[in-house]
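Colleague: Sharing a structure here in structure tokens format.
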Amino acid sequence: CEAVGNIVKNCMEHTPDGGTITVSGNCNPLYSEIIITDSGSGIAEDDLPHIFERFYKGRASGEKGGFGIGLALARMIVTEQNGTIKAENVPKGGAMFTIRIYESTV
Ligand SMILES: Nc1ncnc2c1ncn2[C@@H]1O[C@H](COP(=O)(O)OP(=O)(O)OP(=O)(O)O)[C@@H](O)[C@H]1O
Ligand SMILES: [Mg+2]
């Protein structure tokens with residue numbers, strides 16, 4: 001919940017009024033997946049490799065005064081649960097975050 005909350009908060013901060021944020025889920029025998037997308041600015045290519053680093057704030061973070069901690073925390077929470085988290089941009093604009101929690105290996 002904390003990880004998803006941090007991602008949705010970011011999406012709200014980067015999506016203009018009237019935009020759309022979607023949260024969807026899938027599961028299969030290997031993993032459970034949560035996909036969060038927004039219709040905002042997308043993530044700058046320069047920022048993309050760094051956004052999960054602690055205290056990293058993208059140039060677009062503006063004057064909103066975040067600490068650059070939300071995604072670092074999200075990644076820590078997810079990886080501690082045998083999970084992965086990734087960020088990309090969607091072709092029509094906007095950001096997309098995918099969290100996967102893998103079933104324990106047998
Ligand atoms: N949905 C998004 N669209 C565009 N850029 C994003 C999005 N989510 C995150 N980012 C970029 O990733 C950076 C890191 O995000 P993170 O949540 O770690 O920090 P923050 O939001 O700046 O501060 P905090 O979460 O501590 O309030 C942001 O500063 C922003 O540049
Ligand atoms: Mg944040």
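Residue numbers start at 1 in each chain; chains themselves are named A, B, ... in the order of the structure tokens; ligands are numbered from 1 in the order shown.
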List all protein, DNA and RNA residues that have at least one atom no more than 9 Å from any atom of ligand 1, counting only C-alpha atoms and all ligand atoms, and write them as a VMD selection string.

Modeller: chain A and resid 6 to 15 36 to 44 47 to 48 50 to 62 64 to 74 87 89 94 to 97

Colleague: Please extract the residues of region 11-41 of chain A with a backbone DSSP assignment of strand (DSSP E or B) and present them as an MDAnalysis selection string.

Modeller: chainID A and resid 21:27 31:38

Colleague: My list of candidates is A:Asp46, A:Glu103, A:Asp17, A:Ser32. Which is closest to Ile85 (chain A) when distances are computed with only C-alpha atoms?

Modeller: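 That would be A:Ser32, the residue with the smallest distance to Ile85 (chain A).
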
Colleague: Mind giving me the straight-line distance from CA of Tyr102 (chain A) to CA of Glu45 (chain A) in Å, one decimal?

Modeller: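 If I compute the distance from CA of Tyr102 (chain A) to CA of Glu45 (chain A), I get 28.0 Å.
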
Colleague: Looking only at helix (DSSP H, G or I) from DSSP on the backbone, list the matching residues of chain A as a list in words.

Modeller: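 Of chain A, the ones in helix (DSSP H, G or I) are Glu2, Ala3, Val4, Gly5, Asn6, Ile7, Val8, Lys9, Asn10, Cys11, Met12, Glu13, His14, Arg59, Ala60, Ser61, Gly70, Leu71, Ala72, Leu73, Ala74, Arg75, Met76, Ile77, Val78 and Thr79 of chain A.
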
Colleague: Could you tell me how far CA of Leu30 (chain A) lies from atom 1 (Mg, counted along the ligand's line) of ligand 2, in Å and to one decimal?

Modeller: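 Between these atoms lies a distance of 29.0 Å.
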
Colleague: Choose the residue, out of A:Thr98, A:Ile77, A:Gly83, A:Lys92, that has the smallest atom-to-atom separation from Val23 (chain A); count only C-alpha atoms.

Modeller: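 The answer is A:Thr98, which sits nearest to Val23 (chain A).
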